[in-house]
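Structure below is work28.txt: compact mmCIF, C-alpha atoms.
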```txt
# COMPACT_ATOMS: atom_id res chain seq x y z
CA MET A 1 43.61 -65.80 54.39
CA LEU A 2 43.41 -69.52 53.74
CA LEU A 3 39.93 -70.77 52.83
CA PRO A 4 38.84 -74.41 52.54
CA THR A 5 37.63 -75.78 49.21
CA GLU A 6 35.26 -78.56 48.13
CA ALA A 7 38.36 -80.67 47.41
CA GLY A 8 39.32 -80.59 51.08
CA THR A 9 42.31 -78.31 50.53
CA LEU A 10 43.16 -74.81 51.65
CA GLU A 11 43.79 -72.00 49.20
CA ALA A 12 44.85 -68.40 49.66
CA TYR A 13 42.19 -65.76 49.13
CA ARG A 14 42.30 -61.97 49.17
CA LEU A 15 39.24 -59.70 49.08
CA THR A 16 38.84 -57.94 45.75
CA GLY A 17 35.32 -56.53 45.61
CA GLU A 18 34.42 -52.85 45.86
CA PRO A 19 31.30 -52.93 48.03
CA LEU A 20 28.03 -51.41 46.90
CA VAL A 21 26.81 -48.60 49.13
CA PRO A 22 23.24 -49.20 50.37
CA ARG A 23 20.93 -46.33 49.40
CA ALA A 24 17.34 -45.50 48.55
CA PRO A 25 16.19 -45.78 44.92
CA ARG A 26 16.17 -42.50 43.03
CA VAL A 27 12.99 -43.37 41.10
CA PRO A 28 9.85 -45.41 41.88
CA LEU A 29 10.41 -49.12 41.23
CA THR A 30 8.37 -50.89 38.56
CA ARG A 31 8.49 -54.24 40.36
CA THR A 32 7.09 -55.01 43.79
CA ALA A 33 9.90 -56.58 45.80
CA PHE A 34 9.40 -58.24 49.18
CA ALA A 35 12.55 -59.37 50.97
CA ALA A 36 11.91 -62.24 53.39
CA ALA A 37 13.98 -61.45 56.48
CA HIS A 38 15.45 -63.63 59.23
CA VAL A 39 15.25 -63.32 63.02
CA ILE A 40 18.32 -62.32 65.06
CA SER A 41 18.75 -64.21 68.33
CA ASP A 42 19.81 -62.86 71.69
CA PRO A 43 22.35 -65.50 72.80
CA LEU A 44 22.68 -64.01 76.29
CA ARG A 45 19.04 -64.86 77.00
CA GLU A 46 18.85 -68.10 75.04
CA ARG A 47 18.23 -71.21 77.16
CA ASN A 48 17.87 -74.78 75.87
CA PRO A 49 17.62 -73.59 72.26
CA TRP A 50 16.30 -76.89 70.87
CA ASP A 51 13.44 -77.15 73.35
CA THR A 52 12.18 -73.66 74.17
CA ARG A 53 11.07 -70.44 72.50
CA PRO A 54 13.92 -68.46 70.94
CA ALA A 55 15.17 -65.32 72.63
CA VAL A 56 15.07 -62.51 70.05
CA ASP A 57 17.30 -59.46 69.86
CA TRP A 58 14.43 -57.16 68.94
CA ASP A 59 16.57 -54.06 68.38
CA ALA A 60 18.86 -55.82 65.89
CA THR A 61 15.98 -57.67 64.22
CA LEU A 62 14.02 -54.47 63.62
CA ALA A 63 17.12 -52.49 62.60
CA PHE A 64 17.77 -55.09 59.89
CA ARG A 65 14.26 -54.52 58.56
CA GLN A 66 14.73 -50.76 58.66
CA GLY A 67 17.78 -51.21 56.45
CA LEU A 68 15.71 -53.10 53.86
CA TRP A 69 13.00 -50.43 53.90
CA ASP A 70 15.58 -47.65 53.56
CA GLN A 71 16.59 -49.25 50.25
CA GLY A 72 13.06 -49.24 48.89
CA LEU A 73 12.28 -52.91 49.48
CA GLY A 74 9.12 -54.32 51.00
CA LEU A 75 9.15 -56.99 53.68
CA ALA A 76 7.75 -60.51 53.85
CA GLU A 77 7.53 -61.05 57.59
CA ALA A 78 7.46 -64.22 59.69
CA MET A 79 7.96 -66.55 56.72
CA ASP A 80 10.13 -69.64 56.41
CA THR A 81 13.21 -67.37 56.22
CA ALA A 82 12.36 -66.40 59.80
CA GLN A 83 12.50 -70.14 60.69
CA ARG A 84 8.76 -70.64 61.08
CA GLY A 85 8.41 -74.23 62.24
CA MET A 86 12.20 -74.55 62.41
CA GLY A 87 12.98 -72.83 65.69
CA VAL A 88 10.50 -69.93 65.68
CA ASP A 89 7.04 -70.61 67.08
CA TRP A 90 3.79 -68.72 66.52
CA PRO A 91 3.91 -66.61 69.73
CA THR A 92 7.37 -65.36 68.70
CA ALA A 93 6.22 -64.83 65.12
CA LEU A 94 3.18 -62.85 66.26
CA GLU A 95 5.29 -60.59 68.46
CA LEU A 96 7.64 -60.13 65.50
CA ILE A 97 4.72 -59.18 63.25
CA GLN A 98 3.30 -56.72 65.77
CA ARG A 99 6.65 -55.02 66.38
CA THR A 100 7.40 -54.90 62.66
CA MET A 101 4.04 -53.37 61.76
CA ARG A 102 4.51 -50.62 64.35
CA ALA A 103 7.94 -49.85 62.92
CA ALA A 104 6.68 -49.94 59.32
CA LYS A 105 3.90 -47.46 60.07
CA ALA A 106 6.48 -45.05 61.49
CA HIS A 107 8.91 -45.41 58.56
CA PRO A 108 8.96 -42.41 56.19
CA LEU A 109 8.70 -44.59 53.06
CA ARG A 110 5.60 -46.41 54.35
CA PRO A 111 6.95 -49.77 53.15
CA ARG A 112 4.71 -52.65 52.13
CA VAL A 113 4.71 -55.49 54.65
CA ALA A 114 3.02 -58.85 54.10
CA CYS A 115 2.97 -61.43 56.89
CA GLY A 116 2.80 -65.19 56.94
CA ALA A 117 -0.39 -66.78 58.30
CA GLY A 118 -0.23 -70.51 58.88
CA THR A 119 -1.38 -73.24 61.23
CA ASP A 120 1.82 -73.90 63.18
CA HIS A 121 0.39 -73.00 66.61
CA VAL A 122 -1.73 -76.18 66.54
CA PRO A 123 -0.13 -79.66 66.65
CA LEU A 124 -0.52 -81.64 63.42
CA ALA A 125 -2.34 -84.38 65.31
CA GLU A 126 -5.17 -81.91 65.99
CA LEU A 127 -5.45 -80.76 62.37
CA ARG A 128 -7.25 -83.68 60.77
CA THR A 129 -10.25 -81.94 59.22
CA ALA A 130 -10.88 -78.98 56.92
CA GLU A 131 -12.67 -77.23 59.77
CA ALA A 132 -9.69 -77.57 62.11
CA ILE A 133 -7.21 -76.31 59.48
CA LEU A 134 -9.47 -73.37 58.60
CA ALA A 135 -9.88 -72.37 62.24
CA ALA A 136 -6.13 -72.48 62.78
CA TYR A 137 -5.50 -70.26 59.76
CA GLN A 138 -8.21 -67.84 60.85
CA THR A 139 -6.66 -67.43 64.28
CA GLN A 140 -3.39 -66.27 62.77
CA ALA A 141 -5.01 -64.27 59.97
CA GLU A 142 -7.13 -62.28 62.41
CA ALA A 143 -4.08 -61.47 64.56
CA ILE A 144 -2.09 -60.32 61.53
CA GLU A 145 -4.90 -58.14 60.21
CA ALA A 146 -5.38 -56.64 63.67
CA ALA A 147 -1.72 -55.60 63.53
CA GLY A 148 -2.24 -54.03 60.09
CA GLY A 149 -0.41 -56.63 57.99
CA GLN A 150 -1.37 -58.01 54.59
CA LEU A 151 -1.91 -61.78 54.58
CA ILE A 152 0.38 -64.32 52.98
CA LEU A 153 -1.44 -67.65 53.27
CA MET A 154 1.56 -69.86 53.96
CA ALA A 155 1.56 -73.46 52.82
CA SER A 156 0.53 -75.66 55.76
CA ARG A 157 1.98 -79.07 56.53
CA ALA A 158 -1.43 -80.01 57.89
CA PHE A 159 -2.83 -80.61 54.39
CA THR A 160 -0.12 -83.03 53.34
CA ALA A 161 -0.03 -84.73 56.73
CA MET A 162 -3.71 -85.69 56.33
CA LYS A 163 -3.24 -86.42 52.58
CA ALA A 164 -5.95 -83.88 51.81
CA GLY A 165 -7.71 -84.00 48.48
CA VAL A 166 -8.50 -80.96 46.35
CA GLY A 167 -11.90 -80.58 48.01
CA VAL A 168 -10.31 -79.84 51.36
CA TYR A 169 -7.89 -77.33 49.84
CA ARG A 170 -10.71 -75.61 47.96
CA ARG A 171 -12.96 -75.35 50.99
CA VAL A 172 -10.25 -73.91 53.27
CA TYR A 173 -8.64 -71.53 50.80
CA ARG A 174 -11.90 -70.14 49.40
CA GLN A 175 -13.10 -69.19 52.86
CA LEU A 176 -9.74 -67.65 53.75
CA ILE A 177 -9.57 -65.65 50.52
CA GLU A 178 -13.15 -64.43 50.74
CA GLY A 179 -12.89 -63.61 54.45
CA ALA A 180 -9.70 -61.55 54.22
CA GLN A 181 -9.90 -57.79 54.72
CA GLU A 182 -7.72 -57.11 51.67
CA PRO A 183 -6.38 -59.22 48.77
CA VAL A 184 -4.13 -62.05 49.92
CA ILE A 185 -0.91 -63.53 48.62
CA LEU A 186 -0.98 -67.29 48.09
CA HIS A 187 2.11 -69.36 48.79
CA TRP A 188 3.31 -72.40 46.84
CA LEU A 189 6.46 -73.69 48.49
CA GLY A 190 8.12 -76.67 46.87
CA ASP A 191 9.30 -79.69 48.79
CA MET A 192 12.93 -78.69 48.19
CA PHE A 193 12.26 -75.94 50.75
CA ASP A 194 10.20 -78.16 53.04
CA PRO A 195 10.01 -81.91 52.34
CA ALA A 196 6.80 -82.11 54.39
CA LEU A 197 5.00 -80.14 51.66
CA ALA A 198 5.40 -82.74 48.90
CA GLY A 199 2.14 -83.17 46.99
CA TYR A 200 0.72 -79.78 47.96
CA TRP A 201 -2.61 -78.74 46.40
CA GLY A 202 -3.75 -82.35 46.51
CA SER A 203 -1.54 -83.89 43.84
CA PRO A 204 2.12 -84.93 43.38
CA ASP A 205 1.75 -83.95 39.72
CA VAL A 206 2.80 -80.32 39.18
CA ASP A 207 0.54 -79.90 36.15
CA GLU A 208 -2.51 -81.07 38.08
CA ALA A 209 -1.61 -78.82 41.01
CA THR A 210 -1.18 -75.91 38.61
CA GLU A 211 -4.65 -76.34 37.16
CA PHE A 212 -6.16 -76.44 40.64
CA VAL A 213 -4.40 -73.27 41.82
CA LEU A 214 -5.27 -71.33 38.67
CA GLY A 215 -8.89 -72.34 39.17
CA LEU A 216 -8.77 -71.28 42.81
CA ILE A 217 -7.49 -67.83 41.80
CA ALA A 218 -10.05 -67.54 38.98
CA ASP A 219 -12.86 -68.10 41.48
CA ASN A 220 -12.21 -64.69 43.06
CA PRO A 221 -9.30 -62.84 41.43
CA ALA A 222 -10.25 -59.52 43.01
CA LYS A 223 -9.32 -60.95 46.42
CA VAL A 224 -5.96 -62.38 45.31
CA ASP A 225 -3.08 -59.90 45.17
CA GLY A 226 -0.78 -62.58 43.82
CA ILE A 227 0.87 -65.92 44.34
CA LYS A 228 4.40 -66.67 45.42
CA ILE A 229 5.82 -69.72 43.66
CA SER A 230 9.01 -71.36 44.92
CA LEU A 231 9.51 -74.43 42.72
CA LEU A 232 12.90 -73.43 41.21
CA ASP A 233 11.46 -74.07 37.74
CA GLN A 234 11.73 -71.04 35.46
CA ALA A 235 9.74 -72.51 32.58
CA HIS A 236 6.84 -73.46 34.85
CA GLU A 237 6.73 -70.01 36.41
CA GLU A 238 6.74 -68.29 33.03
CA ALA A 239 3.89 -70.48 31.77
CA PHE A 240 1.93 -70.04 35.02
CA ARG A 241 2.14 -66.24 35.12
CA ALA A 242 0.96 -65.97 31.51
CA ARG A 243 -2.33 -67.58 32.57
CA LEU A 244 -3.03 -65.42 35.62
CA PRO A 245 -6.05 -63.10 35.55
CA LYS A 246 -5.28 -59.46 34.86
CA GLY A 247 -4.10 -57.69 38.01
CA VAL A 248 -2.95 -60.84 39.84
CA ARG A 249 0.81 -60.80 40.36
CA LEU A 250 3.30 -63.63 40.19
CA TYR A 251 5.79 -63.18 43.02
CA THR A 252 8.84 -65.22 42.19
CA GLY A 253 10.31 -67.27 44.99
CA ASP A 254 12.88 -68.76 42.60
CA ASP A 255 16.20 -67.99 44.23
CA PHE A 256 18.04 -69.54 41.25
CA ASN A 257 16.42 -67.73 38.30
CA TYR A 258 15.10 -64.45 39.70
CA ALA A 259 17.04 -62.15 37.35
CA PRO A 260 15.36 -63.18 34.06
CA LEU A 261 12.00 -63.80 35.74
CA ILE A 262 11.86 -60.29 37.20
CA GLU A 263 13.09 -58.74 33.96
CA GLY A 264 10.35 -60.54 32.05
CA ASP A 265 9.86 -61.51 28.43
CA GLY A 266 8.44 -58.24 27.14
CA VAL A 267 4.84 -59.32 27.79
CA HIS A 268 4.85 -60.73 31.30
CA HIS A 269 7.20 -60.37 34.27
CA SER A 270 7.44 -61.58 37.84
CA HIS A 271 7.56 -59.50 40.97
CA ALA A 272 9.64 -60.74 43.91
CA LEU A 273 9.16 -62.37 47.29
CA LEU A 274 12.60 -63.72 47.95
CA GLY A 275 14.76 -64.74 50.87
CA ILE A 276 17.88 -63.93 48.89
CA PHE A 277 16.84 -60.27 48.58
CA ALA A 278 17.47 -59.87 52.31
CA ALA A 279 21.07 -60.94 51.70
CA ILE A 280 21.68 -59.00 48.48
CA ALA A 281 19.61 -55.89 49.27
CA PRO A 282 22.00 -53.25 47.82
CA ALA A 283 22.37 -55.14 44.53
CA ALA A 284 18.64 -55.95 44.37
CA SER A 285 17.51 -52.40 45.08
CA GLN A 286 19.93 -50.76 42.67
CA ALA A 287 19.24 -53.33 39.95
CA LEU A 288 15.49 -52.73 40.25
CA GLU A 289 16.17 -49.00 40.03
CA ALA A 290 18.11 -49.58 36.81
CA LEU A 291 15.26 -51.69 35.43
CA ALA A 292 12.80 -48.91 36.24
CA LEU A 293 15.03 -46.53 34.25
CA GLY A 294 15.15 -48.92 31.30
CA ASP A 295 18.85 -49.62 31.88
CA ARG A 296 18.89 -53.39 31.44
CA GLU A 297 22.66 -53.53 31.08
CA THR A 298 23.14 -52.16 34.59
CA TYR A 299 20.33 -54.38 35.87
CA HIS A 300 22.16 -57.50 34.72
CA ARG A 301 25.59 -56.19 35.70
CA LEU A 302 24.39 -55.79 39.28
CA LEU A 303 22.34 -58.98 39.56
CA ALA A 304 24.48 -61.43 37.55
CA PRO A 305 27.17 -61.81 40.26
CA THR A 306 24.50 -62.40 42.90
CA VAL A 307 23.14 -65.49 41.17
CA PRO A 308 26.11 -67.80 41.97
CA LEU A 309 25.92 -66.53 45.55
CA SER A 310 22.21 -67.30 45.76
CA ARG A 311 22.68 -70.74 44.23
CA GLU A 312 25.30 -71.51 46.87
CA ILE A 313 23.14 -70.25 49.74
CA PHE A 314 20.14 -72.22 48.44
CA ARG A 315 22.06 -75.34 47.46
CA ALA A 316 20.61 -78.70 48.47
CA PRO A 317 19.41 -79.35 51.11
CA THR A 318 17.68 -76.07 50.20
CA ARG A 319 15.80 -75.76 53.50
CA PHE A 320 19.08 -74.86 55.23
CA TYR A 321 19.42 -71.61 53.25
CA LYS A 322 18.52 -69.52 56.32
CA ALA A 323 22.01 -70.11 57.67
CA GLY A 324 23.61 -68.36 54.71
CA ILE A 325 21.27 -65.38 55.07
CA ALA A 326 22.18 -64.96 58.74
CA PHE A 327 25.88 -65.54 58.03
CA LEU A 328 26.00 -62.62 55.57
CA SER A 329 24.10 -60.47 58.06
CA TRP A 330 26.83 -61.21 60.62
CA LEU A 331 29.67 -60.59 58.16
CA ASN A 332 28.15 -57.21 57.30
CA GLY A 333 27.78 -56.12 60.90
CA HIS A 334 23.99 -56.24 61.11
CA GLN A 335 24.29 -58.53 64.14
CA ARG A 336 26.99 -59.06 66.75
CA HIS A 337 27.09 -62.85 66.54
CA PHE A 338 26.32 -65.83 64.35
CA ILE A 339 23.86 -67.68 66.58
CA MET A 340 20.46 -68.68 65.20
CA PRO A 341 17.23 -69.95 66.76
CA ALA A 342 17.50 -73.69 67.50
CA GLY A 343 21.23 -73.56 66.76
CA PHE A 344 20.42 -73.52 63.03
CA GLN A 345 23.86 -72.15 62.13
CA SER A 346 25.13 -75.73 62.46
CA SER A 347 23.06 -76.79 59.43
CA ARG A 348 25.86 -75.75 57.04
CA ASP A 349 29.59 -76.50 57.00
CA ILE A 350 32.72 -74.36 56.85
CA VAL A 351 33.33 -75.13 53.17
CA HIS A 352 29.89 -73.69 52.39
CA TYR A 353 30.46 -70.59 54.50
CA SER A 354 33.82 -70.05 52.81
CA ALA A 355 32.14 -70.25 49.41
CA VAL A 356 29.50 -67.73 50.53
CA PHE A 357 32.29 -65.38 51.64
CA ARG A 358 34.06 -65.57 48.27
CA LEU A 359 30.88 -65.15 46.24
CA ALA A 360 29.60 -62.25 48.37
CA ASP A 361 32.91 -60.51 47.74
CA ALA A 362 32.57 -61.09 43.98
CA ALA A 363 29.02 -59.67 44.09
CA ARG A 364 30.22 -56.54 45.95
CA LEU A 365 28.06 -57.44 48.94
CA LEU A 366 30.58 -57.36 51.78
CA GLU A 367 29.61 -53.90 52.96
CA ARG A 368 32.44 -53.60 55.51
CA PRO A 369 35.35 -55.62 54.07
CA ASP A 370 37.63 -55.29 57.11
CA LEU A 371 34.91 -56.50 59.47
CA ALA A 372 33.91 -59.32 57.11
CA GLU A 373 37.51 -60.50 56.89
CA GLU A 374 37.90 -60.40 60.66
CA ARG A 375 34.73 -62.39 61.22
CA MET A 376 35.54 -64.93 58.53
CA GLY A 377 38.84 -65.42 60.32
CA LEU A 378 36.97 -66.13 63.55
CA MET A 379 34.87 -68.76 61.78
CA LEU A 380 37.97 -70.40 60.36
CA LYS A 381 39.65 -70.53 63.77
CA LEU A 382 36.51 -72.04 65.28
CA HIS A 383 36.94 -74.85 62.74
CA GLY A 384 40.63 -75.30 63.48
CA ILE A 385 41.89 -73.46 60.40
CA GLY A 386 44.77 -71.09 60.97
CA VAL A 387 45.26 -72.38 64.51
CA GLU A 388 48.72 -73.65 65.39
```

Can you present the structure in this file as structure tokens?
Amino acid sequence: MLLPTEAGTLEAYRLTGEPLVPRAPRVPLTRTAFAAAHVISDPLRERNPWDTRPAVDWDATLAFRQGLWDQGLGLAEAMDTAQRGMGVDWPTALELIQRTMRAAKAHPLRPRVACGAGTDHVPLAELRTAEAILAAYQTQAEAIEAAGGQLILMASRAFTAMKAGVGVYRRVYRQLIEGAQEPVILHWLGDMFDPALAGYWGSPDVDEATEFVLGLIADNPAKVDGIKISLLDQAHEEAFRARLPKGVRLYTGDDFNYAPLIEGDGVHHSHALLGIFAAIAPAASQALEALALGDRETYHRLLAPTVPLSREIFRAPTRFYKAGIAFLSWLNGHQRHFIMPAGFQSSRDIVHYSAVFRLADAARLLERPDLAEERMGLMLKLHGIGVE
């Protein structure tokens, strides 16, 4: 087929990859790995997608999660990958969490599931005090715990909107951490993922923010499972994790440098809470299996080709990465269409989708090559390519 390039030309391309076969790990994994999964829309029930709640294809959405669990991965539910605040509202997210937790409890592998608690059910204009932000978090946290989910305390735009100082962050987070039923996962999402989060933790200076967060964890490390950091800065993450109290995990959210971070430096290593793992599940699962067996050569052989794919999916503007995740899900037959909540599929262009197609092939991640080729052809025709 003819695929468009960054130069504005068309070039012939033929599939070459031998797809990996999804399977369960043969040994226990030595890294905790949460894949952050997307939501699959039901376009037949969708009405006014920019203005109303999304219609969800619950069967397809839950089947996608079952596929991740079958491969030994955990799940980060109702996070930014699921378009929280970008098409998916809290009532939809809560229903997603409740359905997912019921399915997880019935799964034979008893997968770990952690769920995002935030403040997005309350308008920013009403979140102007520490008390208001805390109450909003507690509403979601209580609902998640009632469903049986572990808490991920998602970064809230409310703090940056009110230009909160460190005192406000400390007051809210300490009460949330201490009040949780089980240890929580903190969430540091950089402004490349959400521009509204610039200056999180009360300072635009990353070093100052780092000192604050490390102090927050040190106040009560027994109640902090770990922290997810998504700053796309490998050196910062390595330095940060070396200073964590014993038993507190660093969950990498670095979709550019996850391979060396998860492997570690011989003393410290990162675990994973990654959107890209939902797109590269067979490679991620089998690479982590190899790492558990001490086979680092196979680990890198499986993960190395996924890195260019991830860098393309998460290219700037990074916040649009969800489109690439859903696109690969469609190519691989996990959903019948490429329609996203709020029409988010329009956030990327055909040159990008063509690059994702090529790189997924190179990474052996087009599970059904004939179907992927057929659907890529449909996308090209939709953009006037290959149409007489």

All residues 7 Å or closer to segment 115-130 of chain A, all atoms listed in the file, same chain fewer than 6 positions away omitted, as a PyMOL selection string: chain A and resi 76-79+85+90+97+136-137+140-141+144+149-156+158+162+168+172

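Of the listed residues A:Ile280, A:Val166, A:Ala287, A:Ala323, the one whose atoms come nearest to Gly215 of chain A is A:Val166, with distances taken using all atoms listed in the file.
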
For a test of reading the model, state the distance in Å between atom CA of Pro111 of chain A and atom CA of Trp69 of chain A, rounded to one decimal.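 Taking atom CA of Pro111 of chain A and atom CA of Trp69 of chain A, their separation equals 6.1 Å.
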
Check which residues of segment 270-360 of chain A sit at most 6 Å from segment 241-252 of chain A using only C-alpha atoms, and return one row each with the closest pair of atoms and their distance in Å to one decimal, ordered by chain and rising number, as a tab-separated table.
```
residue	atom	partner	partner_atom	distance
A:Ser270	CA	A:Leu250	CA	5.2
A:His271	CA	A:Tyr251	CA	4.6
A:Ala272	CA	A:Tyr251	CA	4.6
A:Leu273	CA	A:Tyr251	CA	5.5
```

Suppose we keep C-alpha atoms; can you now write the selection as an mmCIF file, keeping the file's coordinate frame?
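So the final result, stored in part.cif, reads:
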```
data_model
loop_
_atom_site.group_PDB
_atom_site.id
_atom_site.type_symbol
_atom_site.label_atom_id
_atom_site.label_comp_id
_atom_site.auth_asym_id
_atom_site.auth_seq_id
_atom_site.Cartn_x
_atom_site.Cartn_y
_atom_site.Cartn_z
ATOM 1 C CA SER A 270 7.440 -61.580 37.840
ATOM 2 C CA HIS A 271 7.560 -59.500 40.970
ATOM 3 C CA ALA A 272 9.640 -60.740 43.910
ATOM 4 C CA LEU A 273 9.160 -62.370 47.290
#
```

Interatomic distance (Å, one decimal) between atom CA of Pro369 of chain A and atom CA of His337 of chain A: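 Between atom CA of Pro369 of chain A and atom CA of His337 of chain A the gap works out to 16.6 Å.
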
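Candidate residues A:Leu73, A:Ala218, A:Ile339, A:Val356 were compared for distance to Pro43 of chain A, and the nearest is A:Ile339, using only C-alpha atoms.
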
I need the residue nearest Lys223 of chain A from this list: A:His236, A:Arg65, A:His269, A:Arg174. Use only C-alpha atoms for the distance.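 Checking each of A:His236, A:Arg65, A:His269, A:Arg174 against Lys223 of chain A, counting only C-alpha atoms, the winner is A:Arg174.
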
Counting all atoms listed in the file, which residue out of A:Gly275, A:Gly377, A:Gly386, A:Gly190 sits closest to His38 of chain A?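 Nearest candidate to His38 of chain A out of A:Gly275, A:Gly377, A:Gly386, A:Gly190: A:Gly275.
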
Could you give me, as a list in words, the residues within 9 Å of Ile385 of chain A, counting only C-alpha atoms and dropping anything in the same chain fewer than 3 positions from it?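 In the requested format, the answer is Leu2, Leu3, Pro4, Leu10, Gly377, Met379, Leu380, Lys381, Leu382 and Glu388 of chain A.
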
Tell me which of A:Gln335, A:Thr81, A:Arg14, A:Asn257 sits closest to Trp58 of chain A, counting all atoms listed in the file.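 Once distances to Trp58 of chain A are computed over all atoms listed in the file, the minimum belongs to A:Gln335.
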
Please write as a list in words the list of polymer residues whose atoms come within 9 Å of (31.6, -54.7, 62.9), counting all atoms listed in the file and keeping to the coordinates of the file. Trp330, Leu331, Asn332, Gly333, His334, Gln335, Arg336, Arg368, Asp370, Leu371, Ala372, Glu374 and Arg375 of chain A

Check the smallest atom-to-atom distance from each of A:Tyr13, A:Thr5, A:Arg26, A:Leu366 to Gln286 of chain A using only C-alpha atoms, then report the winner.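 Checking each of A:Tyr13, A:Thr5, A:Arg26, A:Leu366 against Gln286 of chain A, counting only C-alpha atoms, the winner is A:Arg26.
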
Around the point (12.6, -62.2, 42.7) in the file's coordinates, collect all residues with an atom within 12 Å, using all atoms listed in the file, and return them as number ranges by chain. A: 31-36, 73-74, 228-230, 232, 234, 237, 250-264, 269-278, 280-281, 284-285, 287-288, 303, 306-307, 310

How about saving the chosen residues, C-alpha atoms kept, as a PDB file, keeping the file's coordinate frame?
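Below you can see result.pdb, which holds the result:
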```
ATOM      1  CA  ARG A  31       8.490 -54.240  40.360  1.00  0.00           C
ATOM      2  CA  THR A  32       7.090 -55.010  43.790  1.00  0.00           C
ATOM      3  CA  ALA A  33       9.900 -56.580  45.800  1.00  0.00           C
ATOM      4  CA  PHE A  34       9.400 -58.240  49.180  1.00  0.00           C
ATOM      5  CA  ALA A  35      12.550 -59.370  50.970  1.00  0.00           C
ATOM      6  CA  ALA A  36      11.910 -62.240  53.390  1.00  0.00           C
ATOM      7  CA  LEU A  73      12.280 -52.910  49.480  1.00  0.00           C
ATOM      8  CA  GLY A  74       9.120 -54.320  51.000  1.00  0.00           C
ATOM      9  CA  LYS A 228       4.400 -66.670  45.420  1.00  0.00           C
ATOM     10  CA  ILE A 229       5.820 -69.720  43.660  1.00  0.00           C
ATOM     11  CA  SER A 230       9.010 -71.360  44.920  1.00  0.00           C
ATOM     12  CA  LEU A 232      12.900 -73.430  41.210  1.00  0.00           C
ATOM     13  CA  GLN A 234      11.730 -71.040  35.460  1.00  0.00           C
ATOM     14  CA  GLU A 237       6.730 -70.010  36.410  1.00  0.00           C
ATOM     15  CA  LEU A 250       3.300 -63.630  40.190  1.00  0.00           C
ATOM     16  CA  TYR A 251       5.790 -63.180  43.020  1.00  0.00           C
ATOM     17  CA  THR A 252       8.840 -65.220  42.190  1.00  0.00           C
ATOM     18  CA  GLY A 253      10.310 -67.270  44.990  1.00  0.00           C
ATOM     19  CA  ASP A 254      12.880 -68.760  42.600  1.00  0.00           C
ATOM     20  CA  ASP A 255      16.200 -67.990  44.230  1.00  0.00           C
ATOM     21  CA  PHE A 256      18.040 -69.540  41.250  1.00  0.00           C
ATOM     22  CA  ASN A 257      16.420 -67.730  38.300  1.00  0.00           C
ATOM     23  CA  TYR A 258      15.100 -64.450  39.700  1.00  0.00           C
ATOM     24  CA  ALA A 259      17.040 -62.150  37.350  1.00  0.00           C
ATOM     25  CA  PRO A 260      15.360 -63.180  34.060  1.00  0.00           C
ATOM     26  CA  LEU A 261      12.000 -63.800  35.740  1.00  0.00           C
ATOM     27  CA  ILE A 262      11.860 -60.290  37.200  1.00  0.00           C
ATOM     28  CA  GLU A 263      13.090 -58.740  33.960  1.00  0.00           C
ATOM     29  CA  GLY A 264      10.350 -60.540  32.050  1.00  0.00           C
ATOM     30  CA  HIS A 269       7.200 -60.370  34.270  1.00  0.00           C
ATOM     31  CA  SER A 270       7.440 -61.580  37.840  1.00  0.00           C
ATOM     32  CA  HIS A 271       7.560 -59.500  40.970  1.00  0.00           C
ATOM     33  CA  ALA A 272       9.640 -60.740  43.910  1.00  0.00           C
ATOM     34  CA  LEU A 273       9.160 -62.370  47.290  1.00  0.00           C
ATOM     35  CA  LEU A 274      12.600 -63.720  47.950  1.00  0.00           C
ATOM     36  CA  GLY A 275      14.760 -64.740  50.870  1.00  0.00           C
ATOM     37  CA  ILE A 276      17.880 -63.930  48.890  1.00  0.00           C
ATOM     38  CA  PHE A 277      16.840 -60.270  48.580  1.00  0.00           C
ATOM     39  CA  ALA A 278      17.470 -59.870  52.310  1.00  0.00           C
ATOM     40  CA  ILE A 280      21.680 -59.000  48.480  1.00  0.00           C
ATOM     41  CA  ALA A 281      19.610 -55.890  49.270  1.00  0.00           C
ATOM     42  CA  ALA A 284      18.640 -55.950  44.370  1.00  0.00           C
ATOM     43  CA  SER A 285      17.510 -52.400  45.080  1.00  0.00           C
ATOM     44  CA  ALA A 287      19.240 -53.330  39.950  1.00  0.00           C
ATOM     45  CA  LEU A 288      15.490 -52.730  40.250  1.00  0.00           C
ATOM     46  CA  LEU A 303      22.340 -58.980  39.560  1.00  0.00           C
ATOM     47  CA  THR A 306      24.500 -62.400  42.900  1.00  0.00           C
ATOM     48  CA  VAL A 307      23.140 -65.490  41.170  1.00  0.00           C
ATOM     49  CA  SER A 310      22.210 -67.300  45.760  1.00  0.00           C
TER      50      SER A 310
END
```

Residue neighbourhood Arg53 of chain A, 10 Å, all atoms listed in the file, exclusion window fewer than 4 positions, as a PDB file with C-alpha atoms, in the coordinates of the input:
```
ATOM      1  CA  GLU A  46      18.850 -68.100  75.040  1.00  0.00           C
ATOM      2  CA  ARG A  47      18.230 -71.210  77.160  1.00  0.00           C
ATOM      3  CA  ASN A  48      17.870 -74.780  75.870  1.00  0.00           C
ATOM      4  CA  PRO A  49      17.620 -73.590  72.260  1.00  0.00           C
ATOM      5  CA  GLY A  87      12.980 -72.830  65.690  1.00  0.00           C
ATOM      6  CA  VAL A  88      10.500 -69.930  65.680  1.00  0.00           C
ATOM      7  CA  ASP A  89       7.040 -70.610  67.080  1.00  0.00           C
ATOM      8  CA  TRP A  90       3.790 -68.720  66.520  1.00  0.00           C
ATOM      9  CA  PRO A  91       3.910 -66.610  69.730  1.00  0.00           C
ATOM     10  CA  THR A  92       7.370 -65.360  68.700  1.00  0.00           C
ATOM     11  CA  PRO A 341      17.230 -69.950  66.760  1.00  0.00           C
ATOM     12  CA  ALA A 342      17.500 -73.690  67.500  1.00  0.00           C
TER      13      ALA A 342
END
```
